[in-house]
Amino acid sequence: MVSAGSSTATQGSNGPASPFDLLVIGGGINGCGIARDAAGRGLSVLLVEQDDLASATSQWSSKLIHGGLRYLEHYEFRLVAESLAEREVLLKAAPHLIQPLEFIVPHEPHLRPRWMIRAGLYLYDILGGAKSVPASKSLVLQGSSKGVGLKSAYTNGFSYYDARADDARLTILNARGAADRSAVVSPHTRFVSARVMDATWHVTLQDVPTGEQIEHRARAMVNAAGPWVMRVQGGVKGLKPSRERVRHVKGSHIVVPRVHAGEHAYLLQNRDKRIVFVIPFHEQYTLIGTTDIAVEAWDEPAISAAETAYLCAIASEYLQQPVTPAQVVWSYSGVRPLYDDGQANASAITRDYVLKLDADAGAPLLSVFGGKLTTYRKLAEHALAKLAPHFPAMGAPWTAREPLPGGDFSGGLETLVAELKGAYPFVPPPHLLGIAKRHGTLARGWLDGAQRLEDLGEHFGAGLYASEVDHMVATEWVQNDRVCAARAAAAVLMRRSKCGLFMNQQQQARVSAYLT
């Protein structure tokens, strides 16, 4: 058994303790990014999340840090430029979680003419400032390694670069960065209601496992609840009805056995003008997505048979070997809380964000509408800029130059892996690579002292050892009581790692038993 590692909100014996400067509601990428930024500027911060960190939209993305090439067709030049600039910042801040990825675009002349794609790629190269990744170029695919796996009809194409990321770990390490700067991080804590008294928010929260209600005070609140943003607004007393709205758009992905050799990805165009990514995923798999479907019921999204068939059909249109629903080893769906800009087509709705500051109730409330994984850090800076008049002593922006936890190394992931291999030669190289990708330099914190593999504790499978699970419980808010055993196992196996993809049911059950 391992010990619990959750940071929980506390309460004084005679009522709420001294007020926090900032209460952040929502433990997704935006909420965790705002909490980290605010804590680093000297604000006292409480971050609450009704479930586990990164348990909703922030773990169900396409796992990309990208400018959004297709957004150029909707003239979202500001968003693309900001996203491309952020891609550069994040590549430096988290080299263990984020690495460059080459995309190959097979040309389909009847869908988009060559000049249009080339012009779009040229804009992609120049927007957002200097780039560390190679510029785009035209390719002859026939006979090239970049065309292996494609049907022979696709003779020409284009190459450009973006980056792949571990979205859930990016979220969790932002929360870790907030806690390292004295923020209180409280998952499994639901926002119930808030009202203003004496220019301060009096907030009622609920500890989800026990049902106990907790009272807190905060000088300002941030509503970063993602799909639940309007629901949280409904619990704020004295708040005028908001004109801003979100559209809930479901995006689904499938994972199949590897469909092509090489580490490049494909961007495939479909007849409906949508694009689908085909991305190498954890060495032996391929990730294919995404769909765009406006939904009304969004609390527990699930992929439909029609979505699976749609993704398989697009992939099969381009690939030599057909992709069928029977090959799917895993699938997932997430709901994107997009800012409602009035577009009827779900694919055309803006991926940009809108921040609304409201002080009508007597204390500031900032609500976040929309946003995307890539721009979370810049969104946090903009959020703090809006709150700055209420905190005149708040520090200056700082996150653009500071690595995320575990990202304080240079020379790229290969250099870090080589250093770890020299220090811990007894760990199998594939396992060491996975550890480095998940934790970066933080891996030394729980590898240090080990002289042999047995010192890492039980090996559950797929390179997951008991000492790493202990580290997740101690520092990454994995709850480990019997009531939450299944939830804790999922948090370890699929959210804080993807080791569950490579483990059988018996191995997964061992992890669950270890956590109880």
# chains A, B, ... in the order shown; residues from 1 in each chain; ligands from 1

$ residues_around --residues "Ala348 (chain A)" --least-positions-apart "3" --cutoff "12 Å" --atoms "only C-alpha atoms" --output "number ranges by chain"
A: 70-76, 247, 249, 273-274, 292-294, 338-345, 351-352

$ write_last_selection --atoms "C-alpha atoms" --output "tab-separated table (two decimals), in the first residue's frame"
chain	number	residue	atom	x	y	z
A	70	ARG	CA	-6.90	24.53	-41.20
A	71	TYR	CA	-7.81	27.63	-39.16
A	72	LEU	CA	-6.25	29.71	-41.93
A	73	GLU	CA	-9.23	28.83	-44.14
A	74	HIS	CA	-11.43	30.60	-41.59
A	75	TYR	CA	-9.11	33.66	-41.54
A	76	GLU	CA	-8.13	33.14	-37.90
A	247	ARG	CA	-20.99	25.29	-28.04
A	249	VAL	CA	-18.55	19.96	-29.89
A	273	LYS	CA	-13.44	19.64	-46.38
A	274	ARG	CA	-12.50	18.36	-42.93
A	292	ASP	CA	-16.52	17.50	-35.02
A	293	ILE	CA	-20.10	16.96	-33.86
A	294	ALA	CA	-22.20	19.51	-31.98
A	338	LEU	CA	-15.97	26.29	-27.90
A	339	TYR	CA	-16.93	29.94	-27.77
A	340	ASP	CA	-20.25	30.30	-29.58
A	341	ASP	CA	-19.52	32.65	-32.47
A	342	GLY	CA	-22.73	31.84	-34.32
A	343	GLN	CA	-21.27	29.41	-36.85
A	344	ALA	CA	-23.68	26.64	-37.86
A	345	ASN	CA	-20.92	24.24	-38.97
A	351	ARG	CA	-11.01	27.68	-31.50
A	352	ASP	CA	-10.05	31.06	-30.07

$ residues_around --residues "Arg41 (chain A)" --least-positions-apart "6" --cutoff "12 Å" --atoms "only C-alpha atoms" --output "list in words"
Asp21, Leu22, Ile34, Ala35, Ala178, Arg181, Ser182, Ala183, Ala380, Glu381, Leu384, Ala385, Ala388, Phe391, Pro392, Ala393, Met394, Gly395, Ala396, Pro397, Trp398 and Thr399 of chain A

$ closest_residue --among "A:Ala85, A:Leu373, A:Leu111, A:Val196" --to "Ser62 (chain A)" --atoms "only C-alpha atoms"
A:Leu373

$ residues_around --residues "Tyr160 (chain A)" --least-positions-apart "2" --cutoff "8 Å" --atoms "only C-alpha atoms" --output "list in words"
Glu102, Phe103, Ile104, Leu121, Pro134, Ala135, Ser136, Lys137, Phe158 and Asp162 of chain A

$ select_by_dssp --residues "region 173-418 of chain A" --states "alpha helix (DSSP H)" --output "ChimeraX atom specification"
/A:173-180,229-234,305-318,376-387,413-418

$ closest_residue --among "A:Val229, A:Val246, A:Val192, A:Ala261" --to "Gln213 (chain A)" --atoms "only C-alpha atoms"
A:Val192

$ closest_residue --among "A:Ala56, A:Ala220, A:Leu515, A:Leu123" --to "His390 (chain A)" --atoms "only C-alpha atoms"
A:Ala220

$ select_by_dssp --residues "region 112-346 of chain A" --states "strand (DSSP E)" --output "MDAnalysis selection string"
chainID A and resid 137:140 156:165 184:186 189:197 200:207 213:223 246:257 265:269 275:281 285:289 293:294 330:339

$ write_last_selection --atoms "C-alpha atoms" --output "compact mmCIF listing (two decimals), in the first residue's frame"
# COMPACT_ATOMS: atom_id res chain seq x y z
CA LYS A 137 8.28 21.98 -48.58
CA SER A 138 6.80 20.14 -51.55
CA LEU A 139 7.48 16.40 -51.86
CA VAL A 140 7.42 13.61 -54.40
CA ASN A 156 2.88 14.28 -54.61
CA GLY A 157 2.43 16.08 -51.34
CA PHE A 158 3.78 18.53 -48.82
CA SER A 159 5.71 18.44 -45.57
CA TYR A 160 5.39 20.76 -42.57
CA TYR A 161 6.08 20.55 -38.84
CA ASP A 162 4.08 20.89 -35.66
CA ALA A 163 4.57 19.11 -32.31
CA ARG A 164 3.07 16.22 -30.42
CA ALA A 165 2.35 16.33 -26.68
CA VAL A 184 -3.40 24.56 -2.87
CA VAL A 185 -4.55 21.98 -5.42
CA SER A 186 -7.74 20.15 -4.49
CA THR A 189 -13.75 19.04 -4.91
CA ARG A 190 -16.89 20.40 -6.56
CA PHE A 191 -17.91 24.04 -6.73
CA VAL A 192 -21.43 24.39 -5.30
CA SER A 193 -22.14 28.12 -5.01
CA ALA A 194 -20.64 31.52 -4.32
CA ARG A 195 -21.90 34.86 -3.08
CA VAL A 196 -20.23 38.18 -2.27
CA MET A 197 -20.02 39.59 1.25
CA THR A 200 -15.10 38.93 -0.95
CA TRP A 201 -16.39 35.72 -2.48
CA HIS A 202 -17.83 33.30 0.09
CA VAL A 203 -17.70 29.94 -1.64
CA THR A 204 -19.30 26.61 -0.84
CA LEU A 205 -17.40 23.57 -2.09
CA GLN A 206 -18.13 19.86 -1.73
CA ASP A 207 -15.63 17.09 -1.08
CA GLN A 213 -19.34 20.77 2.35
CA ILE A 214 -16.44 23.18 2.84
CA GLU A 215 -16.57 26.96 3.06
CA HIS A 216 -13.83 29.20 1.67
CA ARG A 217 -13.28 32.84 0.85
CA ALA A 218 -11.48 34.38 -2.12
CA ARG A 219 -10.86 37.91 -3.31
CA ALA A 220 -11.38 36.85 -6.94
CA MET A 221 -12.56 33.77 -8.82
CA VAL A 222 -11.72 32.25 -12.19
CA ASN A 223 -14.33 30.04 -13.83
CA VAL A 246 -20.31 27.88 -25.37
CA ARG A 247 -20.99 25.29 -28.04
CA HIS A 248 -20.29 21.74 -27.00
CA VAL A 249 -18.55 19.96 -29.89
CA LYS A 250 -17.59 16.32 -29.54
CA GLY A 251 -14.32 15.15 -31.02
CA SER A 252 -13.55 11.43 -31.17
CA HIS A 253 -10.37 9.48 -31.89
CA ILE A 254 -9.50 5.85 -32.52
CA VAL A 255 -6.25 3.99 -31.83
CA VAL A 256 -5.24 1.09 -34.07
CA PRO A 257 -2.08 -1.00 -34.57
CA ALA A 265 2.28 11.78 -39.30
CA TYR A 266 -0.24 12.28 -42.11
CA LEU A 267 -2.79 15.03 -42.54
CA LEU A 268 -5.61 13.68 -44.71
CA GLN A 269 -8.22 15.76 -46.51
CA ILE A 275 -9.06 17.02 -42.18
CA VAL A 276 -8.04 13.96 -40.16
CA PHE A 277 -4.70 13.31 -38.48
CA VAL A 278 -2.94 9.94 -38.62
CA ILE A 279 -0.29 10.12 -35.89
CA PRO A 280 2.28 7.58 -34.60
CA PHE A 281 1.23 6.81 -31.03
CA TYR A 285 0.01 2.25 -32.36
CA THR A 286 -1.52 4.93 -34.59
CA LEU A 287 -3.91 7.65 -33.41
CA ILE A 288 -6.57 8.70 -35.94
CA GLY A 289 -8.86 11.69 -35.40
CA ILE A 293 -20.10 16.96 -33.86
CA ALA A 294 -22.20 19.51 -31.98
CA TRP A 330 -8.90 1.98 -27.91
CA SER A 331 -11.05 4.99 -28.61
CA TYR A 332 -11.98 8.15 -26.79
CA SER A 333 -14.24 11.18 -27.06
CA GLY A 334 -13.98 14.61 -25.55
CA VAL A 335 -16.24 17.63 -25.61
CA ARG A 336 -14.65 20.92 -26.60
CA PRO A 337 -16.32 23.93 -24.94
CA LEU A 338 -15.97 26.29 -27.90
CA TYR A 339 -16.93 29.94 -27.77

$ closest_residue --among "A:Glu317, A:Arg243, A:Ala302, A:Gly128" --to "Glu82 (chain A)" --atoms "only C-alpha atoms"
A:Gly128

$ atom_distance --atom1 "CA of Pro403 (chain A)" --atom2 "CA of Ala423 (chain A)"
22.8 Å

$ closest_residue --among "A:Gly147, A:Pro19, A:Lys240, A:Glu414" --to "Asp198 (chain A)" --atoms "only C-alpha atoms"
A:Pro19

$ closest_atom_pairs --of "region 109-171 of chain A" --to "region 477-501 of chain A" --cutoff "10 Å" --atoms "only C-alpha atoms" --output "CSV"
residue,atom,partner,partner_atom,distance
A:Asp166,CA,A:Ser497,CA,9.1
A:Asp167,CA,A:Arg495,CA,9.0
A:Ala168,CA,A:Arg495,CA,5.9
A:Arg169,CA,A:Arg496,CA,5.8
A:Leu170,CA,A:Arg496,CA,9.6
A:Thr171,CA,A:Arg496,CA,9.9

$ decode --residues "region 113-162 of chain A" --atoms "N, CA and C atoms" --output "mmCIF file, in the first residue's frame"
data_model
loop_
_atom_site.group_PDB
_atom_site.id
_atom_site.type_symbol
_atom_site.label_atom_id
_atom_site.label_comp_id
_atom_site.auth_asym_id
_atom_site.auth_seq_id
_atom_site.Cartn_x
_atom_site.Cartn_y
_atom_site.Cartn_z
ATOM 1 N N PRO A 113 -6.622 22.963 -54.333
ATOM 2 C CA PRO A 113 -5.575 23.074 -55.343
ATOM 3 C C PRO A 113 -4.196 23.236 -54.700
ATOM 4 N N ARG A 114 -3.168 22.851 -55.456
ATOM 5 C CA ARG A 114 -1.798 22.907 -54.959
ATOM 6 C C ARG A 114 -1.416 24.312 -54.481
ATOM 7 N N TRP A 115 -1.802 25.343 -55.251
ATOM 8 C CA TRP A 115 -1.418 26.702 -54.891
ATOM 9 C C TRP A 115 -2.003 27.108 -53.541
ATOM 10 N N MET A 116 -3.224 26.639 -53.260
ATOM 11 C CA MET A 116 -3.869 26.998 -51.996
ATOM 12 C C MET A 116 -3.120 26.385 -50.816
ATOM 13 N N ILE A 117 -2.761 25.110 -50.948
ATOM 14 C CA ILE A 117 -2.034 24.454 -49.862
ATOM 15 C C ILE A 117 -0.655 25.087 -49.677
ATOM 16 N N ARG A 118 0.019 25.354 -50.808
ATOM 17 C CA ARG A 118 1.360 25.936 -50.721
ATOM 18 C C ARG A 118 1.305 27.335 -50.090
ATOM 19 N N ALA A 119 0.288 28.120 -50.452
ATOM 20 C CA ALA A 119 0.138 29.452 -49.873
ATOM 21 C C ALA A 119 -0.142 29.359 -48.372
ATOM 22 N N GLY A 120 -1.006 28.395 -48.000
ATOM 23 C CA GLY A 120 -1.304 28.215 -46.586
ATOM 24 C C GLY A 120 -0.073 27.807 -45.796
ATOM 25 N N LEU A 121 0.748 26.926 -46.362
ATOM 26 C CA LEU A 121 1.963 26.495 -45.677
ATOM 27 C C LEU A 121 2.986 27.626 -45.586
ATOM 28 N N TYR A 122 3.035 28.478 -46.612
ATOM 29 C CA TYR A 122 3.940 29.629 -46.544
ATOM 30 C C TYR A 122 3.533 30.552 -45.389
ATOM 31 N N LEU A 123 2.223 30.821 -45.271
ATOM 32 C CA LEU A 123 1.755 31.629 -44.143
ATOM 33 C C LEU A 123 2.096 30.952 -42.814
ATOM 34 N N TYR A 124 1.929 29.642 -42.771
ATOM 35 C CA TYR A 124 2.215 28.869 -41.565
ATOM 36 C C TYR A 124 3.687 29.015 -41.174
ATOM 37 N N ASP A 125 4.563 29.103 -42.186
ATOM 38 C CA ASP A 125 5.995 29.248 -41.925
ATOM 39 C C ASP A 125 6.335 30.611 -41.330
ATOM 40 N N ILE A 126 5.634 31.656 -41.773
ATOM 41 C CA ILE A 126 6.056 33.013 -41.396
ATOM 42 C C ILE A 126 5.271 33.591 -40.222
ATOM 43 N N LEU A 127 4.050 33.105 -39.973
ATOM 44 C CA LEU A 127 3.273 33.626 -38.850
ATOM 45 C C LEU A 127 3.902 33.191 -37.533
ATOM 46 N N GLY A 128 3.826 34.044 -36.537
ATOM 47 C CA GLY A 128 4.260 33.680 -35.189
ATOM 48 C C GLY A 128 5.722 33.876 -34.895
ATOM 49 N N GLY A 129 6.500 34.377 -35.844
ATOM 50 C CA GLY A 129 7.908 34.662 -35.568
ATOM 51 C C GLY A 129 8.831 33.510 -35.908
ATOM 52 N N ALA A 130 10.051 33.573 -35.353
ATOM 53 C CA ALA A 130 11.097 32.598 -35.671
ATOM 54 C C ALA A 130 10.691 31.201 -35.213
ATOM 55 N N LYS A 131 11.130 30.211 -35.968
ATOM 56 C CA LYS A 131 10.774 28.819 -35.704
ATOM 57 C C LYS A 131 12.032 27.975 -35.501
ATOM 58 N N SER A 132 11.919 26.982 -34.630
ATOM 59 C CA SER A 132 13.011 26.030 -34.447
ATOM 60 C C SER A 132 12.817 24.783 -35.284
ATOM 61 N N VAL A 133 11.637 24.618 -35.895
ATOM 62 C CA VAL A 133 11.352 23.434 -36.705
ATOM 63 C C VAL A 133 11.598 23.754 -38.172
ATOM 64 N N PRO A 134 11.830 22.734 -39.010
ATOM 65 C CA PRO A 134 12.069 22.985 -40.437
ATOM 66 C C PRO A 134 10.878 23.629 -41.126
ATOM 67 N N ALA A 135 11.166 24.379 -42.187
ATOM 68 C CA ALA A 135 10.112 25.011 -42.984
ATOM 69 C C ALA A 135 9.397 23.956 -43.824
ATOM 70 N N SER A 136 8.222 24.311 -44.303
ATOM 71 C CA SER A 136 7.443 23.406 -45.158
ATOM 72 C C SER A 136 8.109 23.266 -46.520
ATOM 73 N N LYS A 137 7.732 22.210 -47.245
ATOM 74 C CA LYS A 137 8.277 21.983 -48.582
ATOM 75 C C LYS A 137 7.362 21.047 -49.355
ATOM 76 N N SER A 138 7.513 21.066 -50.673
ATOM 77 C CA SER A 138 6.795 20.136 -51.545
ATOM 78 C C SER A 138 7.577 18.834 -51.622
ATOM 79 N N LEU A 139 6.849 17.722 -51.833
ATOM 80 C CA LEU A 139 7.476 16.402 -51.861
ATOM 81 C C LEU A 139 6.981 15.585 -53.032
ATOM 82 N N VAL A 140 7.838 14.713 -53.525
ATOM 83 C CA VAL A 140 7.423 13.612 -54.398
ATOM 84 C C VAL A 140 7.305 12.381 -53.507
ATOM 85 N N LEU A 141 6.101 11.876 -53.359
ATOM 86 C CA LEU A 141 5.850 10.783 -52.422
ATOM 87 C C LEU A 141 6.172 9.417 -53.010
ATOM 88 N N GLN A 142 5.964 9.255 -54.303
ATOM 89 C CA GLN A 142 6.164 7.953 -54.927
ATOM 90 C C GLN A 142 7.637 7.554 -54.827
ATOM 91 N N GLY A 143 7.912 6.416 -54.230
ATOM 92 C CA GLY A 143 9.269 5.945 -54.050
ATOM 93 C C GLY A 143 9.986 6.549 -52.861
ATOM 94 N N SER A 144 9.325 7.440 -52.127
ATOM 95 C CA SER A 144 9.930 8.093 -50.967
ATOM 96 C C SER A 144 9.498 7.392 -49.679
ATOM 97 N N SER A 145 10.353 7.494 -48.648
ATOM 98 C CA SER A 145 9.997 6.919 -47.349
ATOM 99 C C SER A 145 8.781 7.608 -46.761
ATOM 100 N N LYS A 146 8.534 8.864 -47.148
ATOM 101 C CA LYS A 146 7.382 9.596 -46.637
ATOM 102 C C LYS A 146 6.072 9.098 -47.252
ATOM 103 N N GLY A 147 6.176 8.367 -48.361
ATOM 104 C CA GLY A 147 4.975 7.848 -49.003
ATOM 105 C C GLY A 147 4.683 6.399 -48.696
ATOM 106 N N VAL A 148 5.594 5.762 -47.940
ATOM 107 C CA VAL A 148 5.389 4.356 -47.597
ATOM 108 C C VAL A 148 4.134 4.211 -46.740
ATOM 109 N N GLY A 149 3.263 3.322 -47.135
ATOM 110 C CA GLY A 149 2.001 3.127 -46.431
ATOM 111 C C GLY A 149 0.838 3.791 -47.121
ATOM 112 N N LEU A 150 1.121 4.738 -48.038
ATOM 113 C CA LEU A 150 0.056 5.380 -48.812
ATOM 114 C C LEU A 150 -0.215 4.609 -50.100
ATOM 115 N N LYS A 151 -1.404 4.742 -50.624
ATOM 116 C CA LYS A 151 -1.722 4.167 -51.924
ATOM 117 C C LYS A 151 -0.851 4.824 -52.998
ATOM 118 N N SER A 152 -0.540 4.063 -54.037
ATOM 119 C CA SER A 152 0.375 4.546 -55.078
ATOM 120 C C SER A 152 -0.188 5.737 -55.844
ATOM 121 N N ALA A 153 -1.512 5.954 -55.778
ATOM 122 C CA ALA A 153 -2.123 7.082 -56.495
ATOM 123 C C ALA A 153 -1.668 8.421 -55.930
ATOM 124 N N TYR A 154 -1.193 8.438 -54.710
ATOM 125 C CA TYR A 154 -0.760 9.692 -54.089
ATOM 126 C C TYR A 154 0.726 9.881 -54.367
ATOM 127 N N THR A 155 1.007 10.600 -55.427
ATOM 128 C CA THR A 155 2.382 10.742 -55.906
ATOM 129 C C THR A 155 3.076 11.988 -55.395
ATOM 130 N N ASN A 156 2.308 13.007 -55.037
ATOM 131 C CA ASN A 156 2.882 14.282 -54.606
ATOM 132 C C ASN A 156 2.254 14.732 -53.293
ATOM 133 N N GLY A 157 2.961 15.587 -52.608
ATOM 134 C CA GLY A 157 2.429 16.078 -51.342
ATOM 135 C C GLY A 157 3.279 17.186 -50.774
ATOM 136 N N PHE A 158 3.102 17.430 -49.499
ATOM 137 C CA PHE A 158 3.784 18.527 -48.819
ATOM 138 C C PHE A 158 4.208 18.058 -47.432
ATOM 139 N N SER A 159 5.216 18.723 -46.916
ATOM 140 C CA SER A 159 5.709 18.442 -45.565
ATOM 141 C C SER A 159 5.703 19.727 -44.755
ATOM 142 N N TYR A 160 5.262 19.642 -43.511
ATOM 143 C CA TYR A 160 5.389 20.757 -42.575
ATOM 144 C C TYR A 160 5.518 20.178 -41.171
ATOM 145 N N TYR A 161 5.850 21.022 -40.207
ATOM 146 C CA TYR A 161 6.082 20.552 -38.844
ATOM 147 C C TYR A 161 5.145 21.223 -37.846
ATOM 148 N N ASP A 162 4.699 20.416 -36.880
ATOM 149 C CA ASP A 162 4.078 20.891 -35.656
ATOM 150 C C ASP A 162 4.716 20.109 -34.514
#
